[in-house]
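Trainee: What follows is protein.pdb; its format and atoms are PDB, C-alpha atoms, pLDDT in the B column.
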```
MODEL        1
ATOM      1  CA  MET A 234      22.131  -8.470  -0.990  1.00 57.00           C
ATOM      2  CA  GLY A 235      20.667 -11.132   1.263  1.00 68.00           C
ATOM      3  CA  LEU A 236      18.416 -14.070   0.602  1.00 71.00           C
ATOM      4  CA  ASN A 237      15.353 -12.388   2.117  1.00 82.00           C
ATOM      5  CA  ASP A 238      15.754  -8.973   0.494  1.00 88.00           C
ATOM      6  CA  LEU A 239      12.755  -9.588  -1.751  1.00 90.00           C
ATOM      7  CA  LEU A 240      10.521  -9.686   1.343  1.00 94.00           C
ATOM      8  CA  TYR A 241      11.602  -6.389   2.906  1.00 95.00           C
ATOM      9  CA  ASP A 242       9.408  -4.092   0.795  1.00 96.00           C
ATOM     10  CA  PRO A 243       6.208  -6.175   1.110  1.00 97.00           C
ATOM     11  CA  ILE A 244       6.652  -6.650   4.868  1.00 97.00           C
ATOM     12  CA  ARG A 245       7.653  -3.056   5.513  1.00 97.00           C
ATOM     13  CA  HIS A 246       4.766  -1.797   3.397  1.00 98.00           C
ATOM     14  CA  ASN A 247       2.389  -4.039   5.327  1.00 98.00           C
ATOM     15  CA  ASN A 248       3.571  -2.698   8.676  1.00 98.00           C
ATOM     16  CA  TRP A 249       3.636   0.915   7.449  1.00 98.00           C
ATOM     17  CA  ALA A 250       0.127   0.675   5.973  1.00 98.00           C
ATOM     18  CA  THR A 251      -1.328  -0.644   9.218  1.00 98.00           C
ATOM     19  CA  LYS A 252       0.460   2.028  11.252  1.00 98.00           C
ATOM     20  CA  SER A 253      -0.652   4.754   8.818  1.00 98.00           C
ATOM     21  CA  LEU A 254      -4.268   3.641   9.087  1.00 98.00           C
ATOM     22  CA  ILE A 255      -4.112   3.469  12.890  1.00 98.00           C
ATOM     23  CA  LYS A 256      -2.699   7.010  13.039  1.00 98.00           C
ATOM     24  CA  PHE A 257      -5.218   8.297  10.508  1.00 98.00           C
ATOM     25  CA  CYS A 258      -8.159   6.849  12.424  1.00 98.00           C
ATOM     26  CA  ARG A 259      -6.851   8.267  15.720  1.00 98.00           C
ATOM     27  CA  ASP A 260      -6.456  11.699  14.117  1.00 98.00           C
ATOM     28  CA  GLN A 261     -10.082  11.658  12.922  1.00 98.00           C
ATOM     29  CA  LYS A 262     -11.311  11.825  16.534  1.00 97.00           C
ATOM     30  CA  LEU A 263     -14.045   9.329  15.715  1.00 97.00           C
ATOM     31  CA  THR A 264     -16.746   8.839  18.317  1.00 97.00           C
ATOM     32  CA  ALA A 265     -17.157   5.584  20.227  1.00 96.00           C
ATOM     33  CA  GLU A 266     -20.247   4.920  18.113  1.00 97.00           C
ATOM     34  CA  GLN A 267     -18.365   5.492  14.865  1.00 97.00           C
ATOM     35  CA  LEU A 268     -15.597   3.116  15.969  1.00 97.00           C
ATOM     36  CA  GLU A 269     -18.180   0.355  16.309  1.00 96.00           C
ATOM     37  CA  VAL A 270     -19.948   0.864  12.971  1.00 95.00           C
ATOM     38  CA  THR A 271     -19.511  -2.080  10.627  1.00 94.00           C
ATOM     39  CA  GLY A 272     -20.106  -2.479   6.936  1.00 89.00           C
ATOM     40  CA  VAL A 273     -21.460  -5.348   4.891  1.00 87.00           C
ATOM     41  CA  GLY A 274     -18.803  -8.044   4.745  1.00 88.00           C
ATOM     42  CA  THR A 275     -16.486  -6.407   7.260  1.00 91.00           C
ATOM     43  CA  TYR A 276     -14.826  -8.058  10.254  1.00 95.00           C
ATOM     44  CA  GLY A 277     -16.241  -5.533  12.711  1.00 94.00           C
ATOM     45  CA  GLY A 278     -15.944  -1.912  13.686  1.00 97.00           C
ATOM     46  CA  ILE A 279     -12.850   0.156  12.986  1.00 97.00           C
ATOM     47  CA  LEU A 280     -11.099  -0.391  16.306  1.00 97.00           C
ATOM     48  CA  ALA A 281     -12.000  -4.082  16.440  1.00 97.00           C
ATOM     49  CA  THR A 282     -10.748  -4.607  12.881  1.00 97.00           C
ATOM     50  CA  LEU A 283      -7.474  -2.779  13.510  1.00 98.00           C
ATOM     51  CA  ASP A 284      -7.018  -4.838  16.680  1.00 97.00           C
ATOM     52  CA  HIS A 285      -7.677  -7.992  14.646  1.00 97.00           C
ATOM     53  CA  ILE A 286      -5.098  -6.984  12.019  1.00 98.00           C
ATOM     54  CA  VAL A 287      -2.360  -6.255  14.558  1.00 98.00           C
ATOM     55  CA  ARG A 288      -3.000  -9.317  16.726  1.00 97.00           C
ATOM     56  CA  CYS A 289      -3.169 -11.666  13.736  1.00 96.00           C
ATOM     57  CA  ASP A 290       0.006 -10.212  12.265  1.00 96.00           C
ATOM     58  CA  GLY A 291       1.651 -10.814  15.623  1.00 96.00           C
ATOM     59  CA  GLY A 292       0.213 -14.321  15.739  1.00 95.00           C
ATOM     60  CA  TYR A 293       1.616 -15.244  12.343  1.00 95.00           C
ATOM     61  CA  LEU A 294       4.926 -13.650  13.183  1.00 94.00           C
ATOM     62  CA  ARG A 295       5.440 -15.300  16.548  1.00 94.00           C
ATOM     63  CA  ARG A 296       4.832 -18.693  14.958  1.00 93.00           C
ATOM     64  CA  ILE A 297       7.293 -18.234  12.127  1.00 94.00           C
ATOM     65  CA  ALA A 298       9.899 -16.345  14.193  1.00 94.00           C
ATOM     66  CA  ASP A 299       9.401 -18.600  17.222  1.00 90.00           C
ATOM     67  CA  SER A 300       9.373 -15.517  19.407  1.00 90.00           C
ATOM     68  CA  PRO A 301       6.827 -14.574  22.069  1.00 87.00           C
ATOM     69  CA  LEU A 302       4.483 -11.647  21.618  1.00 92.00           C
ATOM     70  CA  ASP A 303       2.436 -11.813  24.807  1.00 92.00           C
ATOM     71  CA  TRP A 304      -0.093  -9.236  23.670  1.00 96.00           C
ATOM     72  CA  VAL A 305      -1.353 -11.479  20.851  1.00 96.00           C
ATOM     73  CA  ASP A 306      -3.466 -13.537  23.251  1.00 94.00           C
ATOM     74  CA  SER A 307      -4.010 -10.900  25.926  1.00 93.00           C
ATOM     75  CA  GLU A 308      -7.471  -9.841  26.974  1.00 91.00           C
ATOM     76  CA  GLN A 309      -6.306  -6.225  27.076  1.00 87.00           C
ATOM     77  CA  THR A 310      -8.751  -3.707  25.685  1.00 86.00           C
ATOM     78  CA  THR A 311      -6.982  -1.768  23.000  1.00 91.00           C
ATOM     79  CA  ASP A 312      -6.892   1.804  21.858  1.00 97.00           C
ATOM     80  CA  PHE A 313      -5.033   3.409  18.975  1.00 98.00           C
ATOM     81  CA  ASP A 314      -1.892   4.065  21.024  1.00 98.00           C
ATOM     82  CA  THR A 315      -1.690   0.438  22.149  1.00 97.00           C
ATOM     83  CA  LEU A 316      -2.243  -0.824  18.622  1.00 98.00           C
ATOM     84  CA  GLU A 317       0.457   1.460  17.273  1.00 98.00           C
ATOM     85  CA  ARG A 318       2.900   0.258  19.945  1.00 98.00           C
ATOM     86  CA  TRP A 319       2.108  -3.395  19.192  1.00 98.00           C
ATOM     87  CA  ASN A 320       2.410  -2.784  15.452  1.00 98.00           C
ATOM     88  CA  ASP A 321       5.827  -1.182  16.017  1.00 98.00           C
ATOM     89  CA  GLU A 322       6.905  -4.160  18.122  1.00 97.00           C
ATOM     90  CA  ALA A 323       5.795  -6.543  15.372  1.00 97.00           C
ATOM     91  CA  GLY A 324       7.612  -4.432  12.787  1.00 97.00           C
ATOM     92  CA  ALA A 325      10.847  -4.707  14.750  1.00 97.00           C
ATOM     93  CA  LEU A 326      10.413  -8.473  15.065  1.00 96.00           C
ATOM     94  CA  TRP A 327       9.766  -8.740  11.304  1.00 96.00           C
ATOM     95  CA  GLU A 328      13.081  -6.947  10.726  1.00 95.00           C
ATOM     96  CA  GLU A 329      14.872  -9.423  13.013  1.00 94.00           C
ATOM     97  CA  PHE A 330      13.170 -12.342  11.292  1.00 94.00           C
ATOM     98  CA  LEU A 331      14.055 -11.142   7.801  1.00 94.00           C
ATOM     99  CA  ALA A 332      17.693 -10.598   8.788  1.00 93.00           C
ATOM    100  CA  LYS A 333      18.154 -14.360   9.238  1.00 92.00           C
ATOM    101  CA  PRO A 334      17.854 -17.207   6.739  1.00 92.00           C
ATOM    102  CA  ILE A 335      14.227 -18.263   6.305  1.00 91.00           C
ATOM    103  CA  ASP A 336      13.310 -21.836   5.574  1.00 92.00           C
ATOM    104  CA  VAL A 337      10.069 -21.163   3.709  1.00 89.00           C
ATOM    105  CA  GLU A 338       9.528 -24.924   3.438  1.00 93.00           C
ATOM    106  CA  ARG A 339       9.603 -25.443   7.225  1.00 95.00           C
ATOM    107  CA  VAL A 340       6.341 -27.042   8.294  1.00 97.00           C
ATOM    108  CA  LEU A 341       4.109 -25.450  10.908  1.00 95.00           C
ATOM    109  CA  ILE A 342       1.260 -27.408  12.462  1.00 95.00           C
ATOM    110  CA  VAL A 343      -1.993 -25.442  12.547  1.00 93.00           C
ATOM    111  CA  ASP A 344      -5.731 -25.748  13.092  1.00 93.00           C
ATOM    112  CA  ASN A 345      -5.656 -27.649  16.385  1.00 94.00           C
ATOM    113  CA  ASN A 346      -2.906 -29.949  15.127  1.00 95.00           C
ATOM    114  CA  THR A 347      -4.961 -31.131  12.143  1.00 97.00           C
ATOM    115  CA  ARG A 348      -2.998 -29.539   9.292  1.00 97.00           C
ATOM    116  CA  GLY A 349       0.517 -28.698   8.239  1.00 97.00           C
ATOM    117  CA  THR A 350       1.526 -25.660   6.209  1.00 96.00           C
ATOM    118  CA  ARG A 351       4.732 -23.992   5.118  1.00 96.00           C
ATOM    119  CA  VAL A 352       6.314 -20.875   6.622  1.00 95.00           C
ATOM    120  CA  GLY A 353       6.085 -19.209   3.192  1.00 93.00           C
ATOM    121  CA  ILE A 354       2.290 -19.494   3.358  1.00 94.00           C
ATOM    122  CA  PHE A 355       2.259 -17.799   6.781  1.00 90.00           C
ATOM    123  CA  ILE A 356       4.188 -14.868   5.287  1.00 94.00           C
ATOM    124  CA  ALA A 357       1.802 -14.640   2.324  1.00 95.00           C
ATOM    125  CA  GLN A 358      -1.209 -14.866   4.654  1.00 94.00           C
ATOM    126  CA  ALA A 359       0.101 -12.124   6.938  1.00 93.00           C
ATOM    127  CA  ILE A 360       0.299  -9.714   4.012  1.00 95.00           C
ATOM    128  CA  ASN A 361      -2.974 -10.755   2.380  1.00 96.00           C
ATOM    129  CA  HIS A 362      -4.907 -10.774   5.647  1.00 97.00           C
ATOM    130  CA  ALA A 363      -3.854  -7.263   6.627  1.00 97.00           C
ATOM    131  CA  ASN A 364      -4.583  -5.846   3.149  1.00 97.00           C
ATOM    132  CA  HIS A 365      -8.036  -7.399   3.186  1.00 97.00           C
ATOM    133  CA  HIS A 366      -9.005  -5.951   6.551  1.00 97.00           C
ATOM    134  CA  ARG A 367      -7.409  -2.543   6.003  1.00 98.00           C
ATOM    135  CA  GLU A 368      -9.661  -2.146   2.972  1.00 97.00           C
ATOM    136  CA  GLN A 369     -12.648  -2.918   5.184  1.00 97.00           C
ATOM    137  CA  VAL A 370     -11.650  -0.113   7.568  1.00 98.00           C
ATOM    138  CA  CYS A 371     -11.243   2.207   4.581  1.00 97.00           C
ATOM    139  CA  ALA A 372     -14.722   1.256   3.362  1.00 96.00           C
ATOM    140  CA  VAL A 373     -16.262   2.153   6.726  1.00 97.00           C
ATOM    141  CA  LEU A 374     -14.414   5.487   6.715  1.00 97.00           C
ATOM    142  CA  THR A 375     -15.688   6.176   3.208  1.00 96.00           C
ATOM    143  CA  GLY A 376     -19.199   5.458   4.468  1.00 96.00           C
ATOM    144  CA  PHE A 377     -18.702   8.305   6.964  1.00 97.00           C
ATOM    145  CA  GLY A 378     -17.706  10.605   4.110  1.00 97.00           C
ATOM    146  CA  ILE A 379     -14.047  10.496   5.198  1.00 98.00           C
ATOM    147  CA  GLU A 380     -11.470  10.025   2.455  1.00 98.00           C
ATOM    148  CA  PRO A 381      -9.199   7.254   3.777  1.00 98.00           C
ATOM    149  CA  PRO A 382      -5.433   7.597   3.528  1.00 98.00           C
ATOM    150  CA  ASP A 383      -3.549   6.276   0.534  1.00 98.00           C
ATOM    151  CA  ILE A 384      -1.876   3.164   1.927  1.00 98.00           C
ATOM    152  CA  GLN A 385      -1.070   1.427  -1.329  1.00 97.00           C
ATOM    153  CA  ALA A 386       2.418   0.132  -2.020  1.00 97.00           C
ATOM    154  CA  TRP A 387       2.943   3.050  -4.412  1.00 97.00           C
ATOM    155  CA  GLU A 388       2.394   5.556  -1.607  1.00 98.00           C
ATOM    156  CA  TYR A 389       4.768   3.598   0.615  1.00 98.00           C
ATOM    157  CA  ALA A 390       7.304   3.742  -2.221  1.00 97.00           C
ATOM    158  CA  TRP A 391       6.972   7.532  -2.507  1.00 98.00           C
ATOM    159  CA  THR A 392       7.248   8.118   1.234  1.00 97.00           C
ATOM    160  CA  HIS A 393      10.240   5.784   1.575  1.00 97.00           C
ATOM    161  CA  ASN A 394      12.172   6.796  -1.569  1.00 97.00           C
ATOM    162  CA  ARG A 395      11.514   3.463  -3.278  1.00 96.00           C
ATOM    163  CA  ILE A 396      10.194   5.234  -6.392  1.00 97.00           C
ATOM    164  CA  TRP A 397      11.327   8.490  -7.994  1.00 96.00           C
ATOM    165  CA  ASP A 398      10.970  10.623 -11.078  1.00 96.00           C
ATOM    166  CA  LEU A 399      13.704  10.165 -13.651  1.00 95.00           C
ATOM    167  CA  PRO A 400      15.359  13.295 -14.999  1.00 95.00           C
ATOM    168  CA  ASP A 401      14.548  13.892 -18.668  1.00 92.00           C
ATOM    169  CA  SER A 402      18.104  12.899 -19.586  1.00 92.00           C
ATOM    170  CA  GLU A 403      17.614   9.408 -18.089  1.00 94.00           C
ATOM    171  CA  ARG A 404      14.221   8.655 -19.608  1.00 92.00           C
ATOM    172  CA  PRO A 405      14.077   6.088 -22.415  1.00 92.00           C
ATOM    173  CA  THR A 406      13.158   7.667 -25.729  1.00 87.00           C
ATOM    174  CA  SER A 407      10.769   5.031 -26.990  1.00 75.00           C
TER     175      SER A 407
ENDMDL
END
```
So, in terms of structure tokens, how does the structure I just supplied come out?
Mentor:
Amino acid sequence: MGLNDLLYDPIRHNNWATKSLIKFCRDQKLTAEQLEVTGVGTYGGILATLDHIVRCDGGYLRRIADSPLDWVDSEQTTDFDTLERWNDEAGALWEEFLAKPIDVERVLIVDNNTRGTRVGIFIAQAINHANHHREQVCAVLTGFGIEPPDIQAWEYAWTHNRIWDLPDSERPTS
């Protein structure tokens, strides 16, 4: 067991959930017009919001891992395949980052050099930010009458053998 083991499930779920939603949206064969539809309180359309999630995740990650991800600031127009590739690249970098000791108290300077914050906050923000915006994409899909995929941590647990049914003989009796 390593020092960062507690972070593997939340980070892996975060990356998996984004990838699952990207794949789901691609498989829906949504029209260009549908991809631009927004909802009340949403960041933007589906593709723009997914792009925002992936680029921000990469932005947080490159700061805390001190590793370049050139696509974060690129002007490249994205599609689902590009977003999935970038998400996979970020996922691999998260794995590298988590494999090393993390100084969660290390200070990062943010907001045009006007504030300091801790690395631990960047990790928390990466997870919270992606969850927030994935729900917005799911809300837009629901507005189209499309049942969005189950991307909760429980579904991640089932698909990655992190939860299981106990045999009757192993179940507590009270």
Trainee: Take the PyMOL selection byres ((chain A and resi 374) around 12), run it mentally on this structure, and tell me the resulting residues as number ranges by chain.
Mentor: A: 254, 257-258, 261, 263, 267-272, 278-280, 367-373, 375-382
Trainee: What would the file look like if the residues just selected were written as a PDB file, keeping the file's coordinate frame with C-alpha atoms?
Mentor:
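Output below, filename again-v5.pdb:
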```pdb
ATOM      1  CA  LEU A 254      -4.268   3.641   9.087  1.00 98.00           C
ATOM      2  CA  PHE A 257      -5.218   8.297  10.508  1.00 98.00           C
ATOM      3  CA  CYS A 258      -8.159   6.849  12.424  1.00 98.00           C
ATOM      4  CA  GLN A 261     -10.082  11.658  12.922  1.00 98.00           C
ATOM      5  CA  LEU A 263     -14.045   9.329  15.715  1.00 97.00           C
ATOM      6  CA  GLN A 267     -18.365   5.492  14.865  1.00 97.00           C
ATOM      7  CA  LEU A 268     -15.597   3.116  15.969  1.00 97.00           C
ATOM      8  CA  GLU A 269     -18.180   0.355  16.309  1.00 96.00           C
ATOM      9  CA  VAL A 270     -19.948   0.864  12.971  1.00 95.00           C
ATOM     10  CA  THR A 271     -19.511  -2.080  10.627  1.00 94.00           C
ATOM     11  CA  GLY A 272     -20.106  -2.479   6.936  1.00 89.00           C
ATOM     12  CA  GLY A 278     -15.944  -1.912  13.686  1.00 97.00           C
ATOM     13  CA  ILE A 279     -12.850   0.156  12.986  1.00 97.00           C
ATOM     14  CA  LEU A 280     -11.099  -0.391  16.306  1.00 97.00           C
ATOM     15  CA  ARG A 367      -7.409  -2.543   6.003  1.00 98.00           C
ATOM     16  CA  GLU A 368      -9.661  -2.146   2.972  1.00 97.00           C
ATOM     17  CA  GLN A 369     -12.648  -2.918   5.184  1.00 97.00           C
ATOM     18  CA  VAL A 370     -11.650  -0.113   7.568  1.00 98.00           C
ATOM     19  CA  CYS A 371     -11.243   2.207   4.581  1.00 97.00           C
ATOM     20  CA  ALA A 372     -14.722   1.256   3.362  1.00 96.00           C
ATOM     21  CA  VAL A 373     -16.262   2.153   6.726  1.00 97.00           C
ATOM     22  CA  THR A 375     -15.688   6.176   3.208  1.00 96.00           C
ATOM     23  CA  GLY A 376     -19.199   5.458   4.468  1.00 96.00           C
ATOM     24  CA  PHE A 377     -18.702   8.305   6.964  1.00 97.00           C
ATOM     25  CA  GLY A 378     -17.706  10.605   4.110  1.00 97.00           C
ATOM     26  CA  ILE A 379     -14.047  10.496   5.198  1.00 98.00           C
ATOM     27  CA  GLU A 380     -11.470  10.025   2.455  1.00 98.00           C
ATOM     28  CA  PRO A 381      -9.199   7.254   3.777  1.00 98.00           C
ATOM     29  CA  PRO A 382      -5.433   7.597   3.528  1.00 98.00           C
TER      30      PRO A 382
END
```
Trainee: Could you pull the residues within 7 Å of range 294-307 of chain A, counting all atoms listed in the file, minus those fewer than 6 positions along the same chain, as a list in words?
Mentor: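 Once the adjacent positions are removed, what remains is Arg288, Phe330 and Val352 of chain A.
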Trainee: CA of Ile356 in chain A and CA of Lys256 in chain A are how many Å apart?
Mentor: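 Going from CA of Ile356 in chain A over to CA of Lys256 in chain A, I get 24.2 Å.
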Trainee: Have a look at CA of Arg259 in chain A and CA of Ala325 in chain A and let me know their distance in Å, one decimal.
Mentor: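 Separation of CA of Arg259 in chain A and CA of Ala325 in chain A: 22.0 Å.
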Trainee: What does the structure give for the distance between CA of Val337 in chain A and CA of Thr251 in chain A, in Å to one decimal?
Mentor: 24.1 Å
Trainee: Enumerate, in order of chain and increasing residue number, the residues of range 256-363 of chain A with an atom no farther than 12 Å from range 239-247 of chain A, each with its shortest atom pair and distance in Å to one decimal, counting all atoms listed in the file, as a Markdown table.
Mentor:
```
| residue | atom | partner | partner_atom | distance |
| --- | --- | --- | --- | --- |
| A:Ile286 | CA | A:Asn247 | CA | 10.5 |
| A:Val287 | CA | A:Asn247 | CA | 10.6 |
| A:Asp290 | CA | A:Asn247 | CA | 9.6 |
| A:Leu294 | CA | A:Ile244 | CA | 11.0 |
| A:Asn320 | CA | A:Asn247 | CA | 10.2 |
| A:Asp321 | CA | A:Arg245 | CA | 10.8 |
| A:Ala323 | CA | A:Ile244 | CA | 10.5 |
| A:Gly324 | CA | A:Arg245 | CA | 7.4 |
| A:Ala325 | CA | A:Arg245 | CA | 9.9 |
| A:Leu326 | CA | A:Ile244 | CA | 11.0 |
| A:Trp327 | CA | A:Ile244 | CA | 7.4 |
| A:Glu328 | CA | A:Tyr241 | CA | 8.0 |
| A:Glu329 | CA | A:Tyr241 | CA | 11.0 |
| A:Phe330 | CA | A:Tyr241 | CA | 10.4 |
| A:Leu331 | CA | A:Tyr241 | CA | 7.3 |
| A:Ala332 | CA | A:Tyr241 | CA | 9.5 |
| A:Lys333 | CA | A:Leu240 | CA | 11.9 |
| A:Pro334 | CA | A:Leu240 | CA | 11.8 |
| A:Ile335 | CA | A:Leu240 | CA | 10.6 |
| A:Val337 | CA | A:Leu240 | CA | 11.7 |
| A:Gly353 | CA | A:Leu240 | CA | 10.7 |
| A:Ile356 | CA | A:Ile244 | CA | 8.6 |
| A:Ala357 | CA | A:Pro243 | CA | 9.6 |
| A:Gln358 | CA | A:Ile244 | CA | 11.4 |
| A:Ala359 | CA | A:Asn247 | CA | 8.6 |
| A:Ile360 | CA | A:Asn247 | CA | 6.2 |
| A:Asn361 | CA | A:Asn247 | CA | 9.1 |
| A:His362 | CA | A:Asn247 | CA | 9.9 |
| A:Ala363 | CA | A:Asn247 | CA | 7.1 |
```
Trainee: Would you mind telling me which residue in A:Phe355, A:Asn345, A:Asn364, A:Thr350 lies nearest to Leu283 in chain A when using only C-alpha atoms?
Mentor: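 The answer is A:Asn364, which sits nearest to Leu283 in chain A.
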Trainee: Of the candidates A:Trp319, A:Glu266, A:Leu399, A:Ser253, which shows the shortest atom-to-atom distance to Asp383 in chain A, using only C-alpha atoms?
Mentor: A:Ser253
